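Pasting entry_21.cif here (mmCIF, C-alpha atoms):
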```
data_data
#
loop_
_atom_site.group_PDB
_atom_site.id
_atom_site.type_symbol
_atom_site.label_atom_id
_atom_site.label_comp_id
_atom_site.auth_asym_id
_atom_site.auth_seq_id
_atom_site.Cartn_x
_atom_site.Cartn_y
_atom_site.Cartn_z
ATOM 1 C CA MET A 531 112.713 131.774 87.884
ATOM 2 C CA ALA A 532 114.341 128.797 86.317
ATOM 3 C CA ALA A 533 117.456 129.290 88.398
ATOM 4 C CA ALA A 534 115.565 128.265 91.507
ATOM 5 C CA ALA A 535 114.544 124.999 89.930
ATOM 6 C CA THR A 536 118.029 124.175 88.739
ATOM 7 C CA ALA A 537 119.472 125.198 92.064
ATOM 8 C CA ALA A 538 117.114 122.809 93.791
ATOM 9 C CA VAL A 539 118.264 119.970 91.633
ATOM 10 C CA THR A 540 121.972 120.667 91.835
ATOM 11 C CA ILE A 541 121.976 120.961 95.590
ATOM 12 C CA GLY A 542 119.792 117.888 95.780
ATOM 13 C CA PRO A 543 122.470 115.485 96.917
ATOM 14 C CA THR A 544 123.781 117.918 99.503
ATOM 15 C CA ALA A 545 120.312 118.531 100.849
ATOM 16 C CA ALA A 546 119.798 114.799 101.144
ATOM 17 C CA LEU A 547 122.990 114.461 103.163
ATOM 18 C CA VAL A 548 121.949 117.212 105.514
ATOM 19 C CA ALA A 549 118.489 115.729 105.937
ATOM 20 C CA GLU A 550 119.915 112.339 106.794
ATOM 21 C CA GLU A 551 122.116 113.700 109.548
ATOM 22 C CA GLY A 552 119.231 115.528 111.230
ATOM 23 C CA PRO A 553 116.587 112.962 112.151
ATOM 24 C CA SER A 554 117.690 109.868 114.015
ATOM 25 C CA GLY A 555 119.006 107.346 111.566
ATOM 26 C CA GLU A 556 115.647 105.871 110.776
ATOM 27 C CA ALA A 557 116.067 106.683 107.152
ATOM 28 C CA ALA A 558 118.320 104.036 105.745
ATOM 29 C CA PRO A 559 121.972 105.010 106.028
ATOM 30 C CA ALA A 560 122.105 105.343 102.273
ATOM 31 C CA ALA A 561 125.772 105.759 101.575
ATOM 32 C CA ALA A 562 127.016 108.688 99.556
ATOM 33 C CA PRO A 563 124.456 109.525 96.897
ATOM 34 C CA PRO A 564 125.066 107.720 93.629
ATOM 35 C CA PRO A 565 127.739 109.580 91.680
ATOM 36 C CA GLN A 566 125.411 110.455 88.858
ATOM 37 C CA ALA A 567 125.899 113.939 87.573
ATOM 38 C CA PRO A 568 122.291 115.055 87.103
ATOM 39 C CA ALA A 569 121.824 116.992 83.880
ATOM 40 C CA ALA A 570 120.222 119.766 85.846
ATOM 41 C CA SER A 571 119.851 122.154 82.966
ATOM 42 C CA ALA A 572 118.683 119.542 80.454
ATOM 43 C CA GLY A 573 114.995 119.966 81.229
ATOM 44 C CA PRO A 574 113.086 116.939 82.578
ATOM 45 C CA ARG A 575 115.487 114.631 84.395
ATOM 46 C CA LEU A 576 115.705 111.563 82.257
ATOM 47 C CA SER A 577 115.789 108.690 84.680
ATOM 48 C CA ARG A 578 117.429 107.780 87.929
ATOM 49 C CA LEU A 579 116.687 104.120 87.896
ATOM 50 C CA PRO A 580 119.418 102.112 86.229
ATOM 51 C CA LEU A 581 118.150 100.871 82.900
ATOM 52 C CA ALA A 582 120.062 97.611 83.247
ATOM 53 C CA ARG A 583 118.037 96.593 86.286
ATOM 54 C CA VAL A 584 114.766 97.524 84.621
ATOM 55 C CA LYS A 585 115.838 95.530 81.614
ATOM 56 C CA ALA A 586 116.516 92.525 83.846
ATOM 57 C CA LEU A 587 112.974 92.758 85.188
ATOM 58 C CA VAL A 588 111.540 92.966 81.705
ATOM 59 C CA LYS A 589 113.521 89.973 80.549
ATOM 60 C CA ALA A 590 112.282 87.980 83.521
ATOM 61 C CA ASP A 591 108.965 87.736 81.719
ATOM 62 C CA PRO A 592 109.066 84.528 79.689
ATOM 63 C CA ASP A 593 106.603 85.921 77.148
ATOM 64 C CA VAL A 594 108.772 88.851 76.252
ATOM 65 C CA THR A 595 111.043 88.342 73.285
ATOM 66 C CA LEU A 596 112.719 91.686 72.899
ATOM 67 C CA ALA A 597 112.305 95.116 74.309
ATOM 68 C CA GLY A 598 113.490 98.271 72.610
ATOM 69 C CA GLN A 599 115.653 100.741 74.461
ATOM 70 C CA GLU A 600 112.915 103.325 74.441
ATOM 71 C CA ALA A 601 110.507 100.890 76.053
ATOM 72 C CA ILE A 602 112.998 100.161 78.832
ATOM 73 C CA PHE A 603 113.553 103.835 79.371
ATOM 74 C CA ILE A 604 109.846 104.586 79.598
ATOM 75 C CA LEU A 605 109.301 101.738 81.998
ATOM 76 C CA ALA A 606 112.061 103.103 84.218
ATOM 77 C CA ARG A 607 110.514 106.536 84.201
ATOM 78 C CA ALA A 608 107.050 105.085 84.817
ATOM 79 C CA ALA A 609 108.408 103.153 87.786
ATOM 80 C CA GLU A 610 109.797 106.392 89.188
ATOM 81 C CA LEU A 611 106.452 108.109 88.780
ATOM 82 C CA PHE A 612 104.849 105.136 90.421
ATOM 83 C CA VAL A 613 107.155 105.327 93.436
ATOM 84 C CA GLU A 614 106.402 109.030 93.821
ATOM 85 C CA THR A 615 102.689 108.397 93.556
ATOM 86 C CA ILE A 616 102.487 105.557 96.021
ATOM 87 C CA ALA A 617 104.774 107.337 98.478
ATOM 88 C CA ARG A 618 102.477 110.350 98.450
ATOM 89 C CA ASP A 619 99.363 108.249 98.808
ATOM 90 C CA ALA A 620 100.881 106.373 101.719
ATOM 91 C CA TYR A 621 101.928 109.650 103.285
ATOM 92 C CA PHE A 622 98.348 110.793 103.126
ATOM 93 C CA CYS A 623 97.491 107.804 105.320
ATOM 94 C CA ALA A 624 100.304 108.603 107.745
ATOM 95 C CA GLN A 625 99.063 112.140 108.073
ATOM 96 C CA GLN A 626 95.659 110.853 109.091
ATOM 97 C CA GLY A 627 97.405 109.047 111.908
ATOM 98 C CA LYS A 628 99.274 112.278 112.683
ATOM 99 C CA ARG A 629 102.590 110.618 112.074
ATOM 100 C CA LYS A 630 105.573 111.938 110.246
ATOM 101 C CA THR A 631 107.057 108.593 109.534
ATOM 102 C CA LEU A 632 105.712 106.449 106.773
ATOM 103 C CA GLN A 633 105.137 102.944 107.949
ATOM 104 C CA ARG A 634 104.348 99.673 106.313
ATOM 105 C CA LYS A 635 100.714 99.903 107.291
ATOM 106 C CA ASP A 636 100.372 103.229 105.502
ATOM 107 C CA LEU A 637 101.405 101.491 102.374
ATOM 108 C CA ASP A 638 98.955 98.665 102.940
ATOM 109 C CA ASN A 639 96.192 101.183 103.474
ATOM 110 C CA ALA A 640 97.067 103.041 100.328
ATOM 111 C CA ILE A 641 97.053 99.822 98.341
ATOM 112 C CA GLU A 642 93.643 98.995 99.645
ATOM 113 C CA ALA A 643 92.253 102.457 99.151
ATOM 114 C CA VAL A 644 93.466 103.172 95.660
ATOM 115 C CA ASP A 645 91.925 101.189 92.817
ATOM 116 C CA GLU A 646 94.950 101.435 90.556
ATOM 117 C CA PHE A 647 97.031 99.683 93.201
ATOM 118 C CA ALA A 648 94.887 96.600 93.182
ATOM 119 C CA PHE A 649 97.618 94.657 91.397
ATOM 120 C CA LEU A 650 99.733 95.106 94.494
ATOM 121 C CA GLU A 651 97.344 93.241 96.746
ATOM 122 C CA GLU A 652 99.562 90.211 96.500
ATOM 123 C CA ILE A 653 102.516 91.881 98.175
ATOM 124 C CA LYS A 654 100.648 93.083 101.246
ATOM 125 C CA MET B 224 121.214 84.656 88.817
ATOM 126 C CA ALA B 225 117.675 85.788 89.647
ATOM 127 C CA GLU B 226 115.589 83.404 91.695
ATOM 128 C CA ARG B 227 112.207 84.968 91.240
ATOM 129 C CA PRO B 228 111.242 88.067 89.288
ATOM 130 C CA GLU B 229 110.015 89.795 92.442
ATOM 131 C CA ASP B 230 113.468 89.506 93.933
ATOM 132 C CA LEU B 231 114.956 91.669 91.254
ATOM 133 C CA ASN B 232 114.916 94.814 93.254
ATOM 134 C CA LEU B 233 115.727 98.292 92.169
ATOM 135 C CA PRO B 234 118.570 99.979 94.031
ATOM 136 C CA ASN B 235 117.555 101.045 97.533
ATOM 137 C CA ALA B 236 119.436 104.302 97.468
ATOM 138 C CA VAL B 237 117.648 105.467 94.347
ATOM 139 C CA ILE B 238 114.241 104.379 95.604
ATOM 140 C CA THR B 239 114.846 106.187 98.871
ATOM 141 C CA ARG B 240 115.810 109.346 97.102
ATOM 142 C CA ILE B 241 112.769 109.293 94.851
ATOM 143 C CA ILE B 242 110.542 108.826 97.889
ATOM 144 C CA LYS B 243 112.190 111.590 99.854
ATOM 145 C CA GLU B 244 111.931 114.047 97.047
ATOM 146 C CA ALA B 245 108.265 113.243 96.596
ATOM 147 C CA LEU B 246 107.489 113.933 100.225
ATOM 148 C CA PRO B 247 107.687 117.132 102.235
ATOM 149 C CA ASP B 248 110.815 117.824 104.250
ATOM 150 C CA GLY B 249 110.949 116.252 107.653
ATOM 151 C CA VAL B 250 108.965 113.206 106.668
ATOM 152 C CA ASN B 251 110.679 109.910 107.290
ATOM 153 C CA ILE B 252 110.098 106.450 106.076
ATOM 154 C CA SER B 253 110.558 103.220 107.926
ATOM 155 C CA LYS B 254 112.780 100.550 106.516
ATOM 156 C CA GLU B 255 109.875 98.184 105.986
ATOM 157 C CA ALA B 256 107.838 100.789 104.192
ATOM 158 C CA ARG B 257 110.730 101.607 101.960
ATOM 159 C CA SER B 258 111.420 98.056 101.017
ATOM 160 C CA ALA B 259 107.708 97.458 100.456
ATOM 161 C CA ILE B 260 107.685 100.382 98.042
ATOM 162 C CA SER B 261 110.748 99.013 96.318
ATOM 163 C CA ARG B 262 109.065 95.678 95.937
ATOM 164 C CA ALA B 263 105.904 97.362 94.676
ATOM 165 C CA ALA B 264 107.963 99.162 92.061
ATOM 166 C CA SER B 265 109.381 95.875 90.804
ATOM 167 C CA VAL B 266 105.922 94.358 90.657
ATOM 168 C CA PHE B 267 104.769 97.450 88.818
ATOM 169 C CA VAL B 268 107.435 96.993 86.162
ATOM 170 C CA LEU B 269 106.605 93.321 85.790
ATOM 171 C CA TYR B 270 102.908 94.001 85.475
ATOM 172 C CA ALA B 271 103.441 96.889 83.041
ATOM 173 C CA THR B 272 105.756 94.714 80.978
ATOM 174 C CA SER B 273 103.203 91.968 80.752
ATOM 175 C CA CYS B 274 100.514 94.459 79.750
ATOM 176 C CA ALA B 275 102.763 96.122 77.201
ATOM 177 C CA ASN B 276 103.712 92.787 75.780
ATOM 178 C CA ASN B 277 100.072 92.035 75.082
ATOM 179 C CA PHE B 278 99.888 95.141 72.962
ATOM 180 C CA ALA B 279 103.027 94.173 71.111
ATOM 181 C CA MET B 280 101.645 90.737 70.403
ATOM 182 C CA LYS B 281 98.366 92.234 69.194
ATOM 183 C CA GLY B 282 100.399 94.287 66.787
ATOM 184 C CA LYS B 283 102.255 91.128 65.759
ATOM 185 C CA ARG B 284 105.537 92.572 66.885
ATOM 186 C CA LYS B 285 108.216 90.793 68.793
ATOM 187 C CA THR B 286 109.823 93.869 70.177
ATOM 188 C CA LEU B 287 108.242 95.918 72.928
ATOM 189 C CA ASN B 288 108.223 99.552 72.008
ATOM 190 C CA ALA B 289 107.480 102.769 73.841
ATOM 191 C CA GLY B 290 103.961 102.903 72.446
ATOM 192 C CA ASP B 291 103.190 99.533 73.971
ATOM 193 C CA VAL B 292 104.259 100.784 77.360
ATOM 194 C CA LEU B 293 102.100 103.889 77.022
ATOM 195 C CA SER B 294 99.143 101.725 76.060
ATOM 196 C CA ALA B 295 99.858 99.602 79.101
ATOM 197 C CA MET B 296 99.721 102.675 81.337
ATOM 198 C CA GLU B 297 96.310 103.463 79.953
ATOM 199 C CA GLU B 298 95.179 99.915 80.505
ATOM 200 C CA MET B 299 96.464 99.924 84.077
ATOM 201 C CA GLU B 300 94.584 103.150 84.714
ATOM 202 C CA PHE B 301 97.698 105.234 85.182
ATOM 203 C CA GLN B 302 96.625 107.765 82.580
ATOM 204 C CA ARG B 303 98.138 110.549 84.622
ATOM 205 C CA PHE B 304 101.555 109.121 83.832
ATOM 206 C CA ILE B 305 101.073 109.293 80.109
ATOM 207 C CA SER B 306 101.719 112.982 79.625
ATOM 208 C CA PRO B 307 104.943 113.157 81.688
ATOM 209 C CA LEU B 308 106.091 109.949 80.064
ATOM 210 C CA LYS B 309 105.623 111.399 76.608
ATOM 211 C CA GLU B 310 107.672 114.406 77.585
ATOM 212 C CA ALA B 311 110.399 112.208 78.960
ATOM 213 C CA LEU B 312 110.344 110.140 75.807
ATOM 214 C CA ASP B 313 110.773 113.244 73.651
ATOM 215 C CA ALA B 314 113.696 114.364 75.732
ATOM 216 C CA TYR B 315 115.219 110.915 75.583
ATOM 217 C CA ARG B 316 114.826 110.752 71.801
ATOM 218 C CA ARG B 317 116.458 114.127 71.408
ATOM 219 C CA GLU B 318 119.333 113.008 73.552
ATOM 220 C CA GLN B 319 119.763 109.791 71.634
ATOM 221 C CA LYS B 320 119.603 111.683 68.384
ATOM 222 C CA GLY B 321 122.269 114.038 69.611
ATOM 223 C CA LYS B 322 124.500 111.134 70.559
ATOM 224 C CA LYS B 323 123.921 109.462 67.251
ATOM 225 C CA GLU B 324 124.681 112.584 65.285
ATOM 226 C CA ALA B 325 127.806 113.089 67.307
ATOM 227 C CA SER B 326 129.051 109.620 66.563
ATOM 228 C CA GLU B 327 128.081 109.909 62.908
ATOM 229 C CA GLN B 328 129.936 113.146 62.722
ATOM 230 C CA LYS B 329 132.965 111.444 64.174
ATOM 231 C CA LYS B 330 132.650 108.734 61.619
ATOM 232 C CA LYS B 331 132.426 111.289 58.834
ATOM 233 C CA ASP B 332 135.523 113.036 60.065
ATOM 234 C CA LYS B 333 137.289 109.740 60.314
ATOM 235 C CA ASP B 334 136.267 108.839 56.785
ATOM 236 C CA LYS B 335 137.441 112.144 55.478
ATOM 237 C CA ARG B 336 140.802 111.604 57.033
ATOM 238 C CA THR B 337 141.170 108.063 55.817
ATOM 239 C CA ASP B 338 139.965 109.056 52.371
ATOM 240 C CA SER B 339 142.660 111.546 52.069
ATOM 241 C CA GLU B 340 145.217 109.006 53.250
ATOM 242 C CA GLU B 341 144.281 105.632 51.827
ATOM 243 C CA GLN B 342 141.032 105.232 49.989
ATOM 244 C CA ASP B 343 140.802 101.466 50.476
ATOM 245 C CA LYS B 344 141.008 101.359 54.249
ATOM 246 C CA SER B 345 137.625 103.077 54.715
ATOM 247 C CA ARG B 346 135.968 99.716 54.008
ATOM 248 C CA GLU B 347 137.231 98.429 57.331
ATOM 249 C CA ASP B 348 135.563 101.267 59.145
ATOM 250 C CA ASP B 349 132.245 100.243 57.689
ATOM 251 C CA ASN B 350 132.713 96.803 59.175
ATOM 252 C CA ASP B 351 133.283 98.335 62.585
ATOM 253 C CA GLU B 352 130.091 100.282 62.149
ATOM 254 C CA ASP B 353 128.233 97.039 61.538
ATOM 255 C CA ASP B 354 129.401 95.682 64.882
ATOM 256 C CA GLU B 355 128.177 98.783 66.621
ATOM 257 C CA ARG B 356 124.873 98.540 64.854
ATOM 258 C CA MET B 357 124.255 95.030 66.077
ATOM 259 C CA GLU B 358 124.190 96.296 69.622
ATOM 260 C CA GLU B 359 121.725 98.965 68.724
ATOM 261 C CA GLU B 360 119.641 96.554 66.763
ATOM 262 C CA GLU B 361 116.972 96.318 69.404
ATOM 263 C CA GLN B 362 116.414 99.984 69.279
ATOM 264 C CA ASN B 363 116.768 100.577 65.607
ATOM 265 C CA GLU B 364 114.817 97.632 64.454
ATOM 266 C CA GLU B 365 111.803 99.623 63.500
ATOM 267 C CA GLU B 366 113.570 102.821 62.763
ATOM 268 C CA GLU B 367 115.622 103.829 59.825
ATOM 269 C CA VAL B 368 117.486 101.298 57.797
ATOM 270 C CA ASP B 369 121.004 102.146 56.814
ATOM 271 C CA ASN B 370 121.144 102.649 53.088
#
```

Now, as a test, write the supplied structure out as structure tokens.
Amino acid sequence: MAAAATAAVTIGPTAALVAEEGPSGEAAPAAAPPPQAPAASAGPRLSRLPLARVKALVKADPDVTLAGQEAIFILARAAELFVETIARDAYFCAQQGKRKTLQRKDLDNAIEAVDEFAFLEEIK
Amino acid sequence: MAERPEDLNLPNAVITRIIKEALPDGVNISKEARSAISRAASVFVLYATSCANNFAMKGKRKTLNAGDVLSAMEEMEFQRFISPLKEALDAYRREQKGKKEASEQKKKDKDKRTDSEEQDKSREDDNDEDDERMEEEEQNEEEEVDN
């Protein structure tokens, strides 16, 4: 039922707070969740990453003249999808090591293992 | 302000939240892993931008558009992103359209009022509209032209 989905999103921030109190403060002491009011009932969440920062990254490319707002938005959303994807792939590695904490090496392994992440070799 | 492009990081809190929501409950992430992911995300944006820009240049355009980014995803072998991105783009366009219609409606109401008061003053409002349009120029460049 749709209500469950919306409920999950609206209590998101609260759930995050609870989760951070539980385990020992390994997870970064992210201060109060950003005061964005998620448009829970508006269908797909549009984007959490601030467009201004994404725009700054785009403009850092000397070959880029202009970027339309839609392009910036899509890049932000793609970056989110990317973070989700790489986090899950890294978690897969952590699970192999029977750990519940993602570590740097899990990320390195994921980068090595997944072809699409080849462009990240430089940051290992 | 920015030293190197890779140093332009995305906000930690947001990155952390995205990661946590992607993973099952009870899974933690070390600080180094998190900042490595954040860095990877920045590199991803830079790489995608460069790729997208190639498509724009091929199309002899100076402005990156959404289509260029989608083509870049394909090129980077992130085809699985394309479908959710298209959905997000539709939702975004609808939202922008809604905002635009709302502000146009406001303008219409304003014009109606000023028309009934002083017919000459409505010219000034059009000038204000031009200022607003300049900001939106990037976005509207290839869209409708105001007649």

For chain B versus chain A, which residues have an atom no more than 6 Å away, and what is each residue's nearest atom pair and distance in Å rounded to one decimal, using only C-alpha atoms, chain-then-number order, as a tab-separated table?
```
residue	atom	partner	partner_atom	distance
B:Pro228	CA	A:Ala590	CA	5.9
B:Ala236	CA	A:Ala560	CA	5.6
B:Ile242	CA	A:Glu614	CA	5.8
B:Ala245	CA	A:Glu614	CA	5.4
B:Val250	CA	A:Lys630	CA	5.1
B:Asn251	CA	A:Thr631	CA	4.5
B:Ile252	CA	A:Leu632	CA	4.4
B:Ser253	CA	A:Gln633	CA	5.4
B:Glu255	CA	A:Arg634	CA	5.7
B:Ala256	CA	A:Arg634	CA	4.2
B:Ala264	CA	A:Ala609	CA	5.9
B:Lys285	CA	A:Thr595	CA	5.8
B:Thr286	CA	A:Leu596	CA	4.5
B:Leu287	CA	A:Ala597	CA	4.4
B:Asn288	CA	A:Ala601	CA	4.8
B:Ala289	CA	A:Ala601	CA	4.2
B:Glu361	CA	A:Gly598	CA	5.1
B:Gln362	CA	A:Gly598	CA	4.8
```

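Counting from atom CA of Phe301 of chain B, the distance to atom CA of Pro234 of chain B is 23.3 Å.
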
Could you work out how far atom CA of Leu312 of chain B lies from atom CA of Glu327 of chain B, giving the answer in Å with one decimal?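 Between atom CA of Glu327 of chain B and atom CA of Leu312 of chain B the gap works out to 21.9 Å.
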
When you draw a straight line from atom CA of Lys309 of chain B to atom CA of Arg240 of chain B, how long is it in Å? 23.0 Å

Using the chain letters and numbering of this document, enumerate as an MDAnalysis selection string the residues selected by the PyMOL selection byres ((chain B and resi 299) around 9). (chainID A and resid 646) or (chainID B and resid 270:271 274 294:298 300:302)
